[in-house]
Structure formats: structure tokens, C-alpha cells
file work26.cif (mmCIF, C-alpha atoms)
data_entry
loop_
_atom_site.label_atom_id
_atom_site.label_comp_id
_atom_site.auth_asym_id
_atom_site.auth_seq_id
_atom_site.Cartn_x
_atom_site.Cartn_y
_atom_site.Cartn_z
CA MET A 75 103.46 -104.20 76.40
CA LEU A 76 105.78 -106.56 78.30
CA GLU A 77 106.82 -103.69 80.54
CA ASP A 78 103.37 -103.73 82.26
CA ILE A 79 103.95 -107.22 83.71
CA ASP A 80 105.66 -107.46 87.13
CA PRO A 81 108.47 -109.94 87.51
CA PRO A 82 107.47 -112.98 89.67
CA GLU A 83 109.70 -111.87 92.56
CA VAL A 84 107.76 -108.62 93.03
CA SER A 85 104.40 -110.45 93.06
CA MET A 86 105.73 -112.97 95.60
CA VAL A 87 106.99 -110.17 97.88
CA ARG A 88 103.56 -108.52 97.77
CA VAL A 89 101.80 -111.80 98.71
CA LEU A 90 104.23 -112.45 101.57
CA LEU A 91 103.86 -108.89 102.84
CA ILE A 92 100.05 -109.17 102.85
CA LEU A 93 100.25 -112.50 104.70
CA ALA A 94 102.80 -111.17 107.20
CA ILE A 95 100.54 -108.28 108.16
CA GLY A 96 97.08 -109.76 107.56
CA LEU A 97 97.45 -113.15 109.27
CA PRO A 98 98.33 -111.83 112.77
CA ILE A 99 95.54 -109.26 112.53
CA ALA A 100 93.04 -111.99 111.58
CA ILE A 101 94.18 -114.19 114.50
CA GLU A 102 93.83 -111.31 116.98
CA VAL A 103 90.32 -110.49 115.71
CA VAL A 104 89.19 -114.12 116.10
CA THR A 105 90.75 -114.40 119.58
CA PHE A 106 89.19 -111.14 120.78
CA GLY A 107 85.82 -112.15 119.33
CA GLY A 108 86.02 -115.46 121.19
CA PHE A 109 86.69 -113.69 124.50
CA ILE A 110 83.80 -111.30 123.96
CA GLY A 111 81.44 -114.13 122.98
CA HIS A 112 82.52 -116.26 125.94
CA TYR A 113 82.09 -113.64 128.64
CA PHE A 114 79.11 -111.71 127.30
CA GLY A 115 77.42 -114.56 125.44
CA GLY A 116 76.70 -116.71 128.49
CA GLY A 117 79.96 -118.62 128.77
CA GLY A 118 80.16 -117.80 132.46
CA GLY A 119 83.89 -117.34 132.71
CA PRO A 120 86.67 -119.86 133.03
CA ALA A 121 85.70 -121.11 136.52
CA ALA A 122 82.01 -121.71 135.81
CA THR A 123 80.53 -124.76 137.54
CA PRO A 124 78.03 -126.80 135.54
CA THR A 125 74.59 -126.70 137.10
CA VAL A 126 71.70 -129.06 136.67
CA GLU A 127 68.52 -127.10 136.07
CA SER A 128 66.10 -130.01 135.94
CA GLY A 129 65.81 -133.43 137.46
CA ALA A 130 64.62 -134.99 140.69
CA THR A 131 65.47 -133.51 144.06
CA VAL A 132 64.40 -134.46 147.58
CA GLY A 133 60.60 -134.52 147.83
CA ASP A 134 59.99 -135.18 144.12
CA GLU A 135 58.20 -138.15 142.62
CA ILE A 136 60.79 -139.93 140.48
CA LEU A 137 58.60 -142.24 138.34
CA PRO A 138 55.34 -140.50 137.43
CA ALA A 139 54.64 -143.07 134.66
CA THR A 140 54.02 -145.93 137.12
CA GLY A 141 50.83 -146.66 139.04
CA ALA A 142 52.56 -146.22 142.42
CA THR A 143 54.08 -143.10 143.91
CA GLU A 144 57.87 -143.29 144.23
CA ARG A 145 59.12 -140.27 146.16
CA LEU A 146 62.75 -139.27 146.74
CA GLU A 147 62.76 -138.94 150.54
CA GLY A 148 66.44 -138.34 151.16
CA ALA A 149 69.76 -137.93 149.38
CA THR A 150 73.07 -137.32 151.10
CA LEU A 151 76.59 -136.87 149.78
CA THR A 152 79.36 -137.45 152.32
CA GLU A 153 83.01 -136.68 151.52
CA ALA A 154 85.61 -139.14 152.90
CA ASP A 155 88.98 -140.54 151.80
CA ASN A 156 89.06 -138.99 148.29
CA ALA A 157 85.59 -140.37 147.57
CA THR A 158 81.96 -139.38 147.98
CA ARG A 159 79.42 -141.69 149.58
CA PHE A 160 75.98 -141.23 148.02
CA VAL A 161 72.99 -142.46 150.04
CA LEU A 162 69.51 -142.31 148.51
CA THR A 163 66.14 -143.18 150.10
CA VAL A 164 62.92 -143.69 148.12
CA THR A 165 59.45 -144.38 149.52
CA VAL A 166 56.81 -146.27 147.56
CA THR A 167 53.11 -145.74 148.27
CA ASN A 168 49.93 -147.14 146.77
CA PRO A 169 51.27 -149.76 144.36
CA PRO A 170 48.43 -151.05 142.13
CA GLY A 171 49.32 -154.74 142.56
CA ASP A 172 52.37 -156.88 143.28
CA TYR A 173 55.21 -154.39 143.03
CA GLU A 174 58.97 -154.16 143.59
CA LEU A 175 61.34 -151.20 143.15
CA ARG A 176 65.04 -151.94 142.55
CA LEU A 177 67.75 -149.30 142.64
CA GLY A 178 70.52 -149.95 140.10
CA ALA A 179 73.69 -148.21 139.00
CA VAL A 180 74.36 -144.49 139.32
CA THR A 181 75.99 -142.59 136.46
CA THR A 182 78.02 -139.60 137.63
CA ARG A 183 78.26 -136.18 136.00
CA ALA A 184 81.71 -137.21 134.78
CA GLY A 185 80.15 -140.19 132.95
CA ARG A 186 81.31 -142.96 135.29
CA THR A 187 78.90 -145.80 136.11
CA VAL A 188 78.93 -147.02 139.72
CA GLU A 189 77.09 -150.13 140.86
CA GLY A 190 75.20 -149.78 144.12
CA SER A 191 74.25 -152.01 146.99
CA GLY A 192 71.46 -153.79 145.08
CA ALA A 193 68.76 -152.17 147.20
CA THR A 194 65.13 -153.21 146.71
CA THR A 195 61.79 -152.71 148.41
CA GLY A 196 61.15 -156.40 148.17
CA SER A 197 57.77 -157.58 146.95
CA LEU A 198 54.94 -155.24 147.98
CA ALA A 199 51.28 -156.24 147.83
CA ALA A 200 48.62 -153.88 146.48
CA GLY A 201 48.28 -150.90 148.82
CA GLN A 202 51.35 -151.86 150.91
CA ASP A 203 53.90 -149.07 151.33
CA GLY A 204 57.64 -149.64 151.12
CA LEU A 205 61.00 -147.98 151.63
CA VAL A 206 64.35 -148.60 149.95
CA THR A 207 67.77 -147.08 150.70
CA GLY A 208 70.76 -147.51 148.39
CA THR A 209 74.41 -146.48 148.73
CA TRP A 210 77.05 -145.83 146.07
CA PRO A 211 80.76 -144.99 146.49
CA LEU A 212 81.36 -142.23 143.95
CA PRO A 213 84.95 -141.51 142.82
CA GLY A 214 86.59 -138.29 144.04
CA ASP A 215 84.23 -135.37 144.41
CA ASP A 216 81.98 -136.61 141.60
CA ARG A 217 78.22 -136.04 141.81
CA PRO A 218 75.34 -138.31 140.75
CA ASP A 219 73.65 -137.52 137.44
CA THR A 220 71.27 -140.43 136.78
CA LEU A 221 70.02 -143.58 138.47
CA ALA A 222 68.94 -146.80 136.78
CA VAL A 223 65.70 -148.07 138.35
CA THR A 224 63.79 -151.27 137.67
CA VAL A 225 60.12 -151.69 138.54
CA VAL A 226 58.74 -155.22 138.65
CA SER A 227 54.96 -155.15 138.75
CA ALA A 228 52.03 -157.46 138.11
CA PRO A 229 48.86 -155.38 138.19
CA GLY A 230 45.70 -157.45 137.96
CA ASN A 231 47.44 -160.76 138.83
CA ASP A 232 49.38 -160.80 135.57
CA THR A 233 52.88 -162.20 135.19
CA PRO A 234 55.45 -159.89 136.89
CA THR A 235 57.03 -157.69 134.25
CA PRO A 236 60.27 -155.73 134.81
CA ARG A 237 60.47 -152.24 133.33
CA ALA A 238 63.66 -150.17 133.32
CA TYR A 239 63.70 -146.42 133.93
CA THR A 240 66.37 -143.75 134.21
CA VAL A 241 65.94 -141.05 136.84
CA GLU A 242 67.77 -137.77 136.27
CA PHE A 243 68.88 -135.90 139.39
CA GLY A 244 68.75 -132.20 140.00
CA ASP A 245 70.95 -130.47 142.56
CA LEU A 246 71.26 -132.85 145.52
CA SER A 247 73.84 -130.85 147.47
CA ALA A 248 72.68 -129.80 150.90
#
call {"tool": "encode", "arguments": {"input": "work26.cif", "output": "C-alpha cells"}}
result
Amino acid sequence: MLEDIDPPEVSMVRVLLILAIGLPIAIEVVTFGGFIGHYFGGGGGPAATPTVESGATVGDEILPATGATERLEGATLTEADNATRFVLTVTVTNPPGDYELRLGAVTTRAGRTVEGSGATTGSLAAGQDGLVTGTWPLPGDDRPDTLAVTVVSAPGNDTPTPRAYTVEFGDLSA
């Protein structure tokens, strides 16, 4: 009856042999599966560039929730001296009452926040149109992702109330 039991050395050799053969095979299967999933599952390959499929582009209204129409009239990105200069122009039409549009900080696609030139339309009366142009020095070849915007309005002769918005950009490259 004791002859049916393997000595511990034989059992240990079997376990080590299974690990020595099975572990590399398992690693290769996982690696190959990752390659297949990456290339055929929508990974796009190693040099894929992230694209923005939604967000404001030139010609779009950027704040549909307000009573005025704020339209992105122009956006340029100029490369110079290891930086990108971002210039943005917004027109405001048909404000419902006293109204001001302030352009704030830009957040880049890399997650950096860059303060701008503090551009504002100034105070607009009801029905008065305005224009504001802001500039931001973006680091390297970074691209803008979002813009902080503040609207100060007093419809119906109320106390002016600031409201903060975030505008997401689409593809602004020309």
C-alpha cells in the first residue's frame, strides 16, 4: 500500500516540469491575444493619434444654454519657438439684457491649464452685438481641449449674475 505513494521529489519534479513548459506557453498566448485585440479590435496601431469626435469647431454656437448666440468665428494655432499660439474669436449676438462674455483658461489635451489674455466683450446692452478675441500660449505642440467661459448677465434689470461654463473643442486644426 505504501508503494503506491510517490516520493516528494518525484511530485516536485512533475510540478516544476509543468510550470517550465506551461508558463511560457501561457505568456505567449496572452501576448498574441493582446496583439490581435489591439490591431483588430479598434486599437488603431501603435502610432494612432487621438481624435476629438465632438465639440465646438469654427462656425458653431458654443453656449446654447444662454439667451444670446455665442458663435466661434475663428480659431488659429500657430507654431513658433517650441510653443503653439492659440487665438480664438467669438461673436455675441442678441443678448437678452446686460451681458458680458469672458474667456478664461484653456485646458490642453495633455491636461495642462493655460491662462489667457483675460479677453472680454465688455458690457453689452440688450440687442447690442459684441466680439471677443483671446490668445493663449500653449506648451510644445499641445492642442486646446476645453475653454472656461464666464457669462455675466442681468436679464430683466436684475442683479448681474456670473455663470461659469466649459466649452469642449472639436478639431480646430486648419
call {"tool": "resolve_selection", "arguments": {"input": "work26.cif", "expression": "the PyMOL selection byres ((chain A and resi 215) around 6)", "output": "list in words"}}
result
Thr158, Gly214 and Asp216 of chain A
call {"tool": "closest_residue", "arguments": {"input": "work26.cif", "among": "A:Pro213, A:Gly196, A:Pro218, A:Gly111", "to": "A:Glu242", "atoms": "all atoms listed in the file"}}
result
A:Pro218
call {"tool": "axis_aligned_box", "arguments": {"input": "work26.cif", "around": "stretch 164-180 of chain A", "padding_each_side": "4 Å", "output": "AutoDock Vina command-line options"}}
result
--center_x 61.4 --center_y -150.3 --center_z 144.3 --size_x 33.9 --size_y 21.2 --size_z 18.5
call {"tool": "atom_distance", "arguments": {"input": "work26.cif", "atom1": "atom CA of A:Thr165", "atom2": "atom CA of A:Gly204"}}
result
5.8 Å
call {"tool": "atom_distance", "arguments": {"input": "work26.cif", "atom1": "atom CA of A:Val132", "atom2": "atom CA of A:Leu221"}}
result
14.1 Å
call {"tool": "resolve_selection", "arguments": {"input": "work26.cif", "expression": "the PyMOL selection byres ((chain A and resi 174-181) around 7)", "output": "number ranges by chain"}}
result
A: 173, 182-183, 185-190, 192-198, 208, 218-227
call {"tool": "closest_residue", "arguments": {"input": "work26.cif", "among": "A:Leu246, A:Ala100, A:Val206, A:Ile110", "to": "A:Phe160", "atoms": "only C-alpha atoms"}}
result
A:Leu246
call {"tool": "closest_residue", "arguments": {"input": "work26.cif", "among": "A:Gly244, A:Gly201, A:Pro236, A:Pro81", "to": "A:Leu146", "atoms": "all atoms listed in the file"}}
result
A:Gly244
call {"tool": "residues_around", "arguments": {"input": "work26.cif", "residues": "A:Glu147", "least_positions_apart": "4", "cutoff": "10 Å", "atoms": "all atoms listed in the file", "output": "PDB file with C-alpha atoms, keeping the file's coordinate frame"}}
result
ATOM      1  CA  THR A 131      65.470-133.510 144.060  1.00  0.00           C
ATOM      2  CA  VAL A 132      64.400-134.460 147.580  1.00  0.00           C
ATOM      3  CA  GLY A 133      60.600-134.520 147.830  1.00  0.00           C
ATOM      4  CA  ASP A 134      59.990-135.180 144.120  1.00  0.00           C
ATOM      5  CA  GLU A 135      58.200-138.150 142.620  1.00  0.00           C
ATOM      6  CA  LEU A 162      69.510-142.310 148.510  1.00  0.00           C
ATOM      7  CA  THR A 163      66.140-143.180 150.100  1.00  0.00           C
ATOM      8  CA  VAL A 164      62.920-143.690 148.120  1.00  0.00           C
ATOM      9  CA  THR A 165      59.450-144.380 149.520  1.00  0.00           C
ATOM     10  CA  VAL A 166      56.810-146.270 147.560  1.00  0.00           C
ATOM     11  CA  LEU A 205      61.000-147.980 151.630  1.00  0.00           C
ATOM     12  CA  VAL A 206      64.350-148.600 149.950  1.00  0.00           C
ATOM     13  CA  THR A 207      67.770-147.080 150.700  1.00  0.00           C
TER      14      THR A 207
END
call {"tool": "atom_distance", "arguments": {"input": "work26.cif", "atom1": "atom CA of A:Val161", "atom2": "atom CA of A:Phe243"}}
result
13.2 Å
call {"tool": "closest_residue", "arguments": {"input": "work26.cif", "among": "A:Phe109, A:Ala200, A:Thr209, A:Ile95", "to": "A:Gly148", "atoms": "all atoms listed in the file"}}
result
A:Thr209
call {"tool": "resolve_selection", "arguments": {"input": "work26.cif", "expression": "the PyMOL selection byres ((chain A and resi 140) around 10)", "output": "PyMOL selection string"}}
result
chain A and resi 136-139+141-144+169-170+225+227+237
call {"tool": "closest_residue", "arguments": {"input": "work26.cif", "among": "A:Glu102, A:Gly171, A:Ala238, A:Pro211", "to": "A:Thr152", "atoms": "all atoms listed in the file"}}
result
A:Pro211
